[in-house]
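Dumped protein.txt below, it's compact mmCIF, C-alpha atoms:
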```
# COMPACT_ATOMS: atom_id res chain seq x y z
CA MET A 1 -57.04 67.31 25.32
CA LYS A 2 -57.31 63.70 26.41
CA SER A 3 -60.10 63.15 23.91
CA LEU A 4 -57.95 64.54 21.08
CA LEU A 5 -54.99 62.29 22.01
CA LYS A 6 -57.25 59.25 22.19
CA SER A 7 -58.68 60.02 18.75
CA SER A 8 -55.16 60.37 17.28
CA LEU A 9 -54.12 56.96 18.67
CA ILE A 10 -57.23 55.29 17.23
CA VAL A 11 -56.53 56.77 13.79
CA ALA A 12 -52.90 55.66 13.90
CA LEU A 13 -53.91 52.12 14.86
CA ILE A 14 -56.48 51.95 12.03
CA LEU A 15 -53.84 53.10 9.54
CA LEU A 16 -51.31 50.47 10.77
CA VAL A 17 -53.83 47.63 10.50
CA SER A 18 -54.80 48.78 7.00
CA PHE A 19 -51.13 48.89 5.92
CA MET A 20 -50.43 45.38 7.22
CA ALA A 21 -53.51 44.01 5.46
CA CYS A 22 -52.41 45.64 2.23
CA GLN A 23 -48.91 44.18 2.54
CA LYS A 24 -50.32 40.70 3.13
CA GLN A 25 -52.46 40.95 0.01
CA THR A 26 -49.65 42.17 -2.28
CA SER A 27 -46.84 39.87 -1.03
CA GLY A 28 -48.70 36.59 -1.76
CA PRO A 29 -47.98 33.22 -0.07
CA SER A 30 -44.35 32.48 1.07
CA GLU A 31 -42.37 29.85 -0.87
CA PRO A 32 -41.82 26.48 0.90
CA SER A 33 -38.20 25.62 1.78
CA LYS A 34 -36.45 23.10 -0.50
CA THR A 35 -35.84 19.60 0.83
CA ILE A 36 -32.17 18.59 0.50
CA TYR A 37 -30.88 15.15 1.46
CA ILE A 38 -27.24 14.52 2.43
CA SER A 39 -25.44 11.19 2.98
CA ILE A 40 -21.92 10.58 4.32
CA SER A 41 -19.89 7.41 3.84
CA PRO A 42 -18.22 6.00 5.87
CA SER A 43 -19.31 7.24 9.27
CA SER A 44 -15.84 6.72 10.79
CA LEU A 45 -12.25 6.17 9.62
CA ASN A 46 -9.74 3.84 11.26
CA PHE A 47 -6.29 4.26 9.74
CA GLY A 48 -4.83 1.33 11.66
CA TYR A 49 -1.08 1.36 12.27
CA VAL A 50 1.03 3.82 10.27
CA ALA A 51 4.77 4.27 10.55
CA VAL A 52 5.80 7.39 12.47
CA ASN A 53 6.27 10.37 10.09
CA GLN A 54 4.71 8.40 7.22
CA SER A 55 1.26 9.15 5.77
CA LYS A 56 -1.88 7.27 4.84
CA ASP A 57 -4.90 8.75 3.02
CA MET A 58 -8.49 7.55 3.32
CA PRO A 59 -11.64 8.86 1.57
CA VAL A 60 -14.98 10.15 2.85
CA VAL A 61 -17.77 10.63 0.29
CA ILE A 62 -20.42 13.37 0.65
CA LYS A 63 -23.46 12.95 -1.62
CA ASN A 64 -26.45 15.07 -2.53
CA GLN A 65 -29.12 12.40 -2.86
CA ASN A 66 -31.06 11.87 -6.10
CA ASN A 67 -34.37 12.95 -4.55
CA SER A 68 -33.05 16.33 -3.32
CA ALA A 69 -34.85 19.42 -4.52
CA GLY A 70 -31.89 21.79 -4.34
CA ARG A 71 -28.11 22.19 -4.24
CA LEU A 72 -26.14 20.83 -1.30
CA THR A 73 -23.46 23.23 -0.09
CA GLY A 74 -21.07 23.25 2.83
CA THR A 75 -17.51 23.08 4.17
CA VAL A 76 -15.30 20.50 5.84
CA SER A 77 -12.71 20.87 8.58
CA VAL A 78 -10.64 18.50 10.69
CA SER A 79 -9.40 18.54 14.27
CA GLY A 80 -6.94 16.31 16.10
CA ASN A 81 -3.15 16.00 15.98
CA GLY A 82 -1.87 14.05 13.01
CA PHE A 83 -4.95 14.50 10.80
CA SER A 84 -5.34 16.83 7.80
CA ILE A 85 -7.52 17.29 4.71
CA GLN A 86 -6.05 16.92 1.24
CA GLY A 87 -7.59 19.13 -1.44
CA ALA A 88 -10.73 21.27 -1.43
CA THR A 89 -12.63 22.01 1.79
CA GLN A 90 -15.85 23.39 0.23
CA PHE A 91 -18.54 21.64 -1.80
CA ASP A 92 -21.51 22.71 -3.94
CA LEU A 93 -23.41 19.72 -5.32
CA SER A 94 -26.37 19.25 -7.63
CA PRO A 95 -28.79 16.42 -6.83
CA ALA A 96 -27.12 12.99 -7.41
CA ASP A 97 -23.61 14.53 -7.36
CA SER A 98 -20.94 13.57 -4.81
CA PHE A 99 -17.72 15.01 -3.40
CA THR A 100 -14.78 12.97 -2.07
CA ILE A 101 -12.68 14.26 0.81
CA TYR A 102 -9.29 12.67 1.46
CA VAL A 103 -8.21 12.67 5.09
CA ARG A 104 -4.51 12.14 5.73
CA PHE A 105 -3.08 10.59 8.89
CA THR A 106 0.58 11.37 9.65
CA PRO A 107 1.54 10.22 13.14
CA THR A 108 4.46 12.04 14.72
CA ALA A 109 4.96 9.63 17.61
CA ASP A 110 4.21 6.11 18.79
CA GLY A 111 0.71 5.54 20.20
CA ALA A 112 -2.99 6.23 19.60
CA PHE A 113 -4.37 9.31 17.82
CA ASN A 114 -7.97 10.59 17.64
CA GLY A 115 -9.61 13.32 15.59
CA THR A 116 -12.87 14.53 14.06
CA LEU A 117 -13.90 15.47 10.55
CA SER A 118 -16.67 18.11 10.72
CA ILE A 119 -19.04 18.71 7.80
CA THR A 120 -21.27 21.81 7.87
CA HIS A 121 -24.11 21.73 5.32
CA ASN A 122 -27.53 23.09 4.31
CA ALA A 123 -29.29 19.70 4.10
CA THR A 124 -32.70 19.35 5.73
CA ASN A 125 -32.65 15.63 6.58
CA LEU A 126 -29.71 15.73 9.04
CA SER A 127 -28.50 18.32 11.49
CA SER A 128 -25.36 20.34 10.84
CA PRO A 129 -22.51 19.81 11.40
CA LEU A 130 -22.10 16.09 10.76
CA THR A 131 -19.00 14.42 12.23
CA VAL A 132 -16.80 11.50 11.20
CA GLN A 133 -14.63 10.06 13.95
CA LEU A 134 -10.95 9.53 13.07
CA THR A 135 -8.64 7.03 14.78
CA GLY A 136 -5.16 5.74 14.07
CA ASN A 137 -1.97 4.52 15.69
CA GLY A 138 1.58 5.71 15.21
CA ASP A 139 4.03 2.81 14.96
CA ALA A 140 7.69 3.47 15.74
CA THR A 141 8.67 -0.22 15.61
CA ILE A 142 7.93 -0.44 11.92
CA ASN A 143 10.44 2.36 11.31
CA GLN A 144 13.09 0.36 13.18
CA ILE A 145 12.39 -2.76 11.15
CA ILE A 146 12.49 -0.89 7.84
CA SER A 147 15.74 0.83 8.82
CA LEU A 148 17.36 -2.49 9.78
CA ILE A 149 16.27 -4.12 6.51
CA GLN A 150 17.59 -1.22 4.44
CA SER A 151 20.86 -1.28 6.36
CA GLY A 152 21.07 -5.05 5.94
CA TRP A 153 20.71 -4.85 2.16
CA GLN A 154 23.29 -2.06 2.05
CA SER A 155 25.80 -4.25 3.88
CA PHE A 156 24.88 -7.17 1.62
CA SER A 157 25.47 -5.06 -1.51
CA ASN A 158 28.87 -4.09 -0.05
CA ARG A 159 29.55 -7.84 0.42
CA ASN A 160 29.74 -7.48 4.19
CA TYR A 161 27.63 -10.58 4.77
CA ASP A 162 28.38 -10.85 8.50
CA ASP A 163 27.00 -7.37 9.18
CA ALA A 164 24.08 -8.00 6.83
CA LEU A 165 23.24 -11.18 8.72
CA THR A 166 23.24 -9.30 12.04
CA LYS A 167 20.91 -6.57 10.72
CA PHE A 168 18.47 -9.00 9.12
CA ASP A 169 18.45 -11.14 12.26
CA GLN A 170 17.50 -8.11 14.38
CA ALA A 171 14.75 -7.20 11.88
CA VAL A 172 13.34 -10.74 12.02
CA SER A 173 13.24 -10.62 15.83
CA LEU A 174 11.41 -7.28 15.91
CA SER A 175 8.95 -8.25 13.20
CA ARG A 176 7.80 -11.30 15.14
CA ALA A 177 6.07 -8.98 17.64
CA SER A 178 2.94 -8.56 15.51
CA SER A 179 1.29 -9.98 12.40
CA ARG A 180 1.10 -6.47 10.96
CA TYR A 181 4.84 -6.78 10.27
CA ASP A 182 4.27 -9.94 8.21
CA SER A 183 5.56 -8.57 4.89
CA LEU A 184 8.61 -7.05 6.58
CA GLN A 185 9.41 -10.33 8.30
CA ALA A 186 9.26 -12.03 4.89
CA GLU A 187 11.82 -9.58 3.48
CA ALA A 188 14.07 -9.82 6.55
CA GLU A 189 14.08 -13.62 6.31
CA CYS A 190 14.82 -13.38 2.60
CA GLY A 191 17.81 -11.13 3.32
CA ARG A 192 19.03 -13.37 6.13
CA GLY A 193 18.71 -16.38 3.83
CA TRP A 194 20.79 -14.77 1.11
CA SER A 195 23.40 -13.68 3.68
CA ARG A 196 23.68 -17.22 5.00
CA ALA A 197 23.89 -18.61 1.47
CA TYR A 198 26.89 -16.40 0.76
CA ARG A 199 28.41 -17.64 4.01
CA ARG A 200 27.81 -21.17 2.63
CA GLU A 201 25.39 -21.99 5.46
CA PHE A 202 23.09 -23.68 2.98
CA SER A 203 20.80 -25.52 5.38
CA LEU A 204 20.04 -22.38 7.40
CA ALA A 205 19.73 -20.35 4.21
CA LYS A 206 17.17 -22.77 2.79
CA SER A 207 15.13 -22.60 6.00
CA ASP A 208 15.05 -18.78 5.92
CA LEU A 209 14.12 -18.60 2.25
CA LEU A 210 11.32 -21.15 2.64
CA ASN A 211 10.01 -19.28 5.69
CA SER A 212 10.01 -16.06 3.69
CA LEU A 213 7.79 -17.64 1.04
CA ALA A 214 5.38 -18.97 3.67
CA HIS A 215 4.16 -15.50 4.69
CA GLN A 216 0.73 -14.46 3.41
CA SER A 217 1.84 -10.87 2.80
CA VAL A 218 5.05 -11.61 0.92
CA SER A 219 5.48 -9.21 -2.02
CA GLN A 220 6.20 -10.46 -5.52
CA SER A 221 9.73 -9.01 -5.52
CA VAL A 222 10.60 -10.70 -2.22
CA SER A 223 8.99 -13.92 -3.46
CA LEU A 224 11.12 -13.91 -6.62
CA ASN A 225 14.27 -13.10 -4.65
CA SER A 226 13.59 -15.97 -2.22
CA LYS A 227 12.91 -18.43 -5.05
CA ALA A 228 16.06 -17.34 -6.88
CA GLY A 229 18.04 -17.83 -3.68
CA LEU A 230 16.53 -21.28 -3.26
CA ALA A 231 17.50 -22.21 -6.84
CA PHE A 232 21.17 -21.54 -6.07
CA VAL A 233 21.02 -23.12 -2.58
CA HIS A 234 19.37 -26.30 -3.90
CA HIS A 235 21.93 -26.46 -6.69
CA ALA A 236 24.81 -26.06 -4.23
CA SER A 237 23.26 -28.79 -2.07
CA ASN A 238 22.95 -31.18 -5.07
CA GLU A 239 19.14 -31.00 -4.91
CA PHE A 240 18.82 -30.61 -8.66
CA SER A 241 15.09 -31.24 -9.14
CA SER A 242 14.29 -28.57 -6.54
CA ALA A 243 16.82 -26.20 -8.14
CA ILE A 244 15.05 -26.63 -11.49
CA GLN A 245 11.63 -26.01 -9.94
CA ARG A 246 12.67 -22.76 -8.22
CA ALA A 247 14.61 -21.39 -11.18
CA LEU A 248 11.65 -21.97 -13.49
CA GLU A 249 9.29 -20.29 -10.99
CA VAL A 250 11.39 -17.14 -11.23
CA LEU A 251 11.98 -17.15 -14.98
CA ASN A 252 8.36 -17.92 -15.84
CA VAL A 253 7.32 -14.75 -14.01
CA ASN A 254 10.28 -12.58 -15.06
CA PRO A 255 12.45 -13.91 -17.91
CA ASN A 256 14.81 -10.95 -17.41
CA TYR A 257 15.18 -11.33 -13.63
CA VAL A 258 18.04 -9.44 -11.93
CA PHE A 259 18.72 -9.60 -8.18
CA ALA A 260 18.69 -5.94 -7.13
CA TYR A 261 21.30 -6.39 -4.39
CA ASP A 262 23.87 -8.32 -6.46
CA ASN A 263 23.63 -7.93 -10.23
CA ARG A 264 25.89 -10.95 -10.69
CA VAL A 265 22.75 -12.95 -9.91
CA TYR A 266 20.55 -12.63 -12.97
CA HIS A 267 18.50 -14.58 -15.51
CA LYS A 268 21.43 -16.06 -17.44
CA ARG A 269 22.96 -17.53 -14.30
CA LEU A 270 19.59 -18.98 -13.32
CA ARG A 271 19.41 -20.61 -16.75
CA LEU A 272 22.91 -21.96 -16.23
CA VAL A 273 21.70 -23.50 -12.96
CA LEU A 274 18.93 -25.08 -15.03
CA ALA A 275 21.37 -26.32 -17.67
CA GLN A 276 23.72 -27.93 -15.16
CA SER A 277 20.86 -29.40 -13.11
CA TYR A 278 19.25 -30.90 -16.23
CA TYR A 279 22.64 -32.25 -17.26
CA THR A 280 23.24 -33.88 -13.88
CA LEU A 281 19.80 -35.54 -14.09
CA GLY A 282 20.63 -36.87 -17.57
CA ASP A 283 18.28 -34.58 -19.51
CA PHE A 284 20.87 -33.40 -22.04
CA GLN A 285 18.32 -31.99 -24.49
CA SER A 286 16.81 -29.62 -21.89
CA ALA A 287 20.32 -28.64 -20.78
CA ALA A 288 21.26 -27.77 -24.36
CA GLN A 289 18.03 -25.76 -24.79
CA GLN A 290 18.95 -23.57 -21.81
CA LEU A 291 22.37 -22.91 -23.35
CA ASP A 292 20.62 -21.95 -26.59
CA ILE A 293 18.68 -19.27 -24.66
CA ILE A 294 21.79 -18.04 -22.85
CA ASP A 295 23.96 -18.02 -25.97
CA PRO A 296 21.74 -17.84 -29.08
CA ALA A 297 24.80 -17.12 -31.27
CA GLY A 298 26.14 -20.59 -30.45
CA ALA A 299 22.84 -22.41 -30.97
CA PRO A 300 22.09 -25.19 -31.42
CA HIS A 301 24.30 -26.51 -28.65
CA SER A 302 25.36 -30.12 -28.69
CA THR A 303 23.52 -32.78 -26.71
CA ASP A 304 26.61 -34.96 -26.64
CA PRO A 305 27.36 -35.32 -22.90
CA ILE A 306 31.09 -34.66 -23.20
CA ILE A 307 30.76 -31.62 -25.45
CA LEU A 308 27.75 -30.32 -23.52
CA LEU A 309 29.56 -30.53 -20.18
CA ARG A 310 32.49 -28.59 -21.59
CA GLN A 311 30.10 -25.91 -22.93
CA ILE A 312 28.37 -25.59 -19.54
CA GLN A 313 31.69 -25.25 -17.73
CA ASP A 314 32.86 -22.69 -20.27
CA MET A 315 29.65 -20.71 -19.80
CA TRP A 316 30.18 -20.55 -16.00
CA SER A 317 33.58 -18.95 -16.60
CA ARG A 318 32.11 -16.43 -19.04
CA LEU A 319 29.13 -15.19 -17.01
```

Target encoding structure tokens, full file:
Amino acid sequence: MKSLLKSSLIVALILLVSFMACQKQTSGPSEPSKTIYISISPSSLNFGYVAVNQSKDMPVVIKNQNNSAGRLTGTVSVSGNGFSIQGATQFDLSPADSFTIYVRFTPTADGAFNGTLSITHNATNLSSPLTVQLTGNGDATINQIISLIQSGWQSFSNRNYDDALTKFDQAVSLSRASSRYDSLQAEAECGRGWSRAYRREFSLAKSDLLNSLAHQSVSQSVSLNSKAGLAFVHHASNEFSSAIQRALEVLNVNPNYVFAYDNRVYHKRLRLVLAQSYYTLGDFQSAAQQLDIIDPAGAPHSTDPIILLRQIQDMWSRL
């Protein structure tokens, strides 16, 4: 009995070895795995300071390198309060192709935020998942400054210049806390300058408007508004050469300039400032040329000083 069992086991073993040898011969050599190269740029994202409840998007580029031997596939996900992905979260790339992910930062409170972008993939050169560190700061102060500036311009448009001055003054004070508020400080000083000009505080108005222009981050619209304000302030202060310079700086950039917060201040009035300033400096031809632009139907205007003065005065009453 034992001999029979032993013989059966030997036969079974021989059959198993024969089967495995046969399988090895028929299956052939196994295929080598494809080499796939992934690159990620940048390796981290710093969103800087973003106003609370406002958003900022930044890109991350995933690339299947040129020398890859196969398709690069994977998914992306994000963790951390305030961070999200905009658009597709899966990629399937041929060699040399790339995929751009946009990460959005929307802080909900003041302070620092941290997160992680995770990228799972089938590349062979780097382990999966890859991570991109995300950092950013919520800024509540910037919201206060923006709100004060908007409120200041609203009061200015309603011709409540005292209230406008108060709002712009508060915005200037807050914006001095950090250089990141530079462009907002420029706008707040512009608004304060205009408010003071309408209160006939011309010296203080001129100081504010010049300070507004001195900021590195001043926008073009704020720059034009400050220069237009200076044109009128210089004219009111009998500084006619400076009034001409500032008026031309505005009109050369925007011949159809209109001050958004008081549409009584527009390109024709700036040209009238030019005409009267030229006249006062004895340049009657240039003064007449400005009247020709303002009132082409009446061109050519006289260069006779007496007639020209009457035409300038008449134009002030008409505009």

For region 221-233 of chain A, find every residue with an atom within 7 Å (counting all atoms listed in the file), except residues of its own chain fewer than 4 positions away, and show them as a VMD selection string. chain A and resid 187 190 194 197 202 206 209 212 to 213 237 243 to 244 246 to 247 250 259

Who sits within 8 Å of Thr135 (chain A), all atoms listed in the file, same chain under 2 positions skipped, as a CSV table (one decimal) with C-alpha atoms, in the coordinates of the input:
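Written file, selection_18.csv:
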```
chain,number,residue,atom,x,y,z
A,45,LEU,CA,-12.2,6.2,9.6
A,46,ASN,CA,-9.7,3.8,11.3
A,47,PHE,CA,-6.3,4.3,9.7
A,48,GLY,CA,-4.8,1.3,11.7
A,112,ALA,CA,-3.0,6.2,19.6
A,113,PHE,CA,-4.4,9.3,17.8
A,114,ASN,CA,-8.0,10.6,17.6
A,115,GLY,CA,-9.6,13.3,15.6
A,133,GLN,CA,-14.6,10.1,14.0
A,137,ASN,CA,-2.0,4.5,15.7
```

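Distances to Ser39 (chain A) were evaluated for A:Thr73, A:Ser98, A:Asn256, A:Thr303 using all atoms listed in the file, and the minimum falls at A:Ser98.
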
Pairwise distance for CA of Leu204 (chain A) and CA of Leu319 (chain A), rounded to one decimal in Å: 27.0 Å

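Considering the residues A:Ser41, A:Ser127, A:Ile145, A:Leu134 and counting only C-alpha atoms, Asn81 (chain A) has its shortest atom-to-atom contact with A:Leu134.
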
Enumerate, as a PyMOL selection string, the protein, DNA and RNA residues whose atoms approach (-5.3, 10.9, 4.3) to within 10 Å, taking into account only C-alpha atoms and the coordinate frame of the file. chain A and resi 45+47+55-60+82-86+101-106

Surrounding residues of Ile119 (chain A) excluding itself and chain neighbours under 5 positions, 9 Å, all atoms listed in the file, as a ChimeraX atom specification: /A:74-78,128-132

Neighbouring residues of region 268-285 of chain A were defined as those with any atom within 7 Å, considering all atoms listed in the file; residues of the same chain fewer than 5 positions away were excluded. Please report them as a VMD selection string. chain A and resid 235 240 244 247 290 to 291 294 303 305 312

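Of the residues under consideration (A:Phe156, A:Phe99, A:Phe91, A:Tyr49), A:Phe99 shows the shortest atom-to-atom contact distance to Lys63 (chain A) when counting all atoms listed in the file.
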
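Interatomic distance, CA of Pro296 (chain A) to CA of Ala260 (chain A): 25.2 Å.
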
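Note that CA of Arg264 (chain A) and CA of Leu148 (chain A) are 23.7 Å apart.
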
Axis-aligned box for region 213-227 of chain A, 3 Å per side, centre and edges in Å as lines of an AutoDock Vina configuration file:
```
center_x = 7.5
center_y = -14.0
center_z = -1.0
size_x = 19.5
size_y = 16.0
size_z = 17.3
```

Fewer than 5 positions away in the same chain doesn't count, so skip those; otherwise give me all residues within 12 Å of Gln170 (chain A), counting only C-alpha atoms, as a PyMOL selection string. chain A and resi 141+144-149+151-152+163-165+175-177+184-185+188-189+191-192

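In terms of minimum interatomic distance to Gly111 (chain A), A:Ala51 ranks closest within A:Asp92, A:Trp153, A:Lys34, A:Ala51, counting all atoms listed in the file.
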
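Closest to Gly80 (chain A) among A:Gly193, A:Pro300, A:Gly136, A:Pro95 is A:Gly136, based on only C-alpha atoms.
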
Around the point (5.2, 1.9, 16.1) in the file's coordinates, collect all residues with an atom within 7 Å, using all atoms listed in the file, and return them as a list of chain:residue names. A:Ala51, A:Val52, A:Asp110, A:Gly138, A:Asp139, A:Ala140, A:Thr141, A:Ile142

Take region 274-296 of chain A, bring it up to N, CA and C atoms, and give me the output as a compact mmCIF listing (two decimals), keeping the file's coordinate frame.
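out13.txt, freshly written:
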```
# COMPACT_ATOMS: atom_id res chain seq x y z
N LEU A 274 19.82 -24.14 -14.37
CA LEU A 274 18.93 -25.08 -15.03
C LEU A 274 19.71 -26.04 -15.92
N ALA A 275 20.61 -25.49 -16.73
CA ALA A 275 21.37 -26.32 -17.67
C ALA A 275 22.18 -27.39 -16.93
N GLN A 276 22.88 -26.97 -15.88
CA GLN A 276 23.72 -27.93 -15.16
C GLN A 276 22.87 -28.93 -14.38
N SER A 277 21.74 -28.48 -13.84
CA SER A 277 20.86 -29.40 -13.11
C SER A 277 20.24 -30.42 -14.06
N TYR A 278 19.77 -29.97 -15.22
CA TYR A 278 19.25 -30.90 -16.23
C TYR A 278 20.34 -31.90 -16.63
N TYR A 279 21.53 -31.38 -16.85
CA TYR A 279 22.64 -32.25 -17.26
C TYR A 279 22.90 -33.33 -16.21
N THR A 280 22.95 -32.92 -14.96
CA THR A 280 23.24 -33.88 -13.88
C THR A 280 22.16 -34.95 -13.79
N LEU A 281 20.91 -34.58 -14.12
CA LEU A 281 19.80 -35.54 -14.09
C LEU A 281 19.69 -36.34 -15.38
N GLY A 282 20.61 -36.10 -16.33
CA GLY A 282 20.63 -36.87 -17.57
C GLY A 282 19.73 -36.35 -18.67
N ASP A 283 19.15 -35.16 -18.48
CA ASP A 283 18.28 -34.58 -19.51
C ASP A 283 19.13 -33.63 -20.36
N PHE A 284 19.91 -34.18 -21.28
CA PHE A 284 20.87 -33.40 -22.04
C PHE A 284 20.19 -32.45 -23.03
N GLN A 285 19.03 -32.86 -23.55
CA GLN A 285 18.32 -31.99 -24.49
C GLN A 285 17.86 -30.70 -23.81
N SER A 286 17.26 -30.82 -22.62
CA SER A 286 16.81 -29.62 -21.89
C SER A 286 18.00 -28.75 -21.49
N ALA A 287 19.11 -29.39 -21.13
CA ALA A 287 20.32 -28.64 -20.78
C ALA A 287 20.80 -27.83 -21.98
N ALA A 288 20.82 -28.46 -23.15
CA ALA A 288 21.26 -27.77 -24.36
C ALA A 288 20.30 -26.62 -24.71
N GLN A 289 19.01 -26.82 -24.50
CA GLN A 289 18.03 -25.76 -24.79
C GLN A 289 18.27 -24.53 -23.93
N GLN A 290 18.65 -24.72 -22.68
CA GLN A 290 18.95 -23.57 -21.81
C GLN A 290 20.19 -22.83 -22.31
N LEU A 291 21.19 -23.57 -22.79
CA LEU A 291 22.37 -22.91 -23.35
C LEU A 291 22.01 -22.14 -24.62
N ASP A 292 21.06 -22.66 -25.40
CA ASP A 292 20.62 -21.95 -26.59
C ASP A 292 20.02 -20.59 -26.23
N ILE A 293 19.29 -20.53 -25.10
CA ILE A 293 18.68 -19.27 -24.66
C ILE A 293 19.76 -18.32 -24.15
N ILE A 294 20.72 -18.87 -23.40
CA ILE A 294 21.79 -18.04 -22.85
C ILE A 294 22.68 -17.50 -23.96
N ASP A 295 23.00 -18.36 -24.91
CA ASP A 295 23.96 -18.02 -25.97
C ASP A 295 23.35 -18.35 -27.32
N PRO A 296 22.40 -17.52 -27.81
CA PRO A 296 21.74 -17.84 -29.08
C PRO A 296 22.70 -17.86 -30.26
```
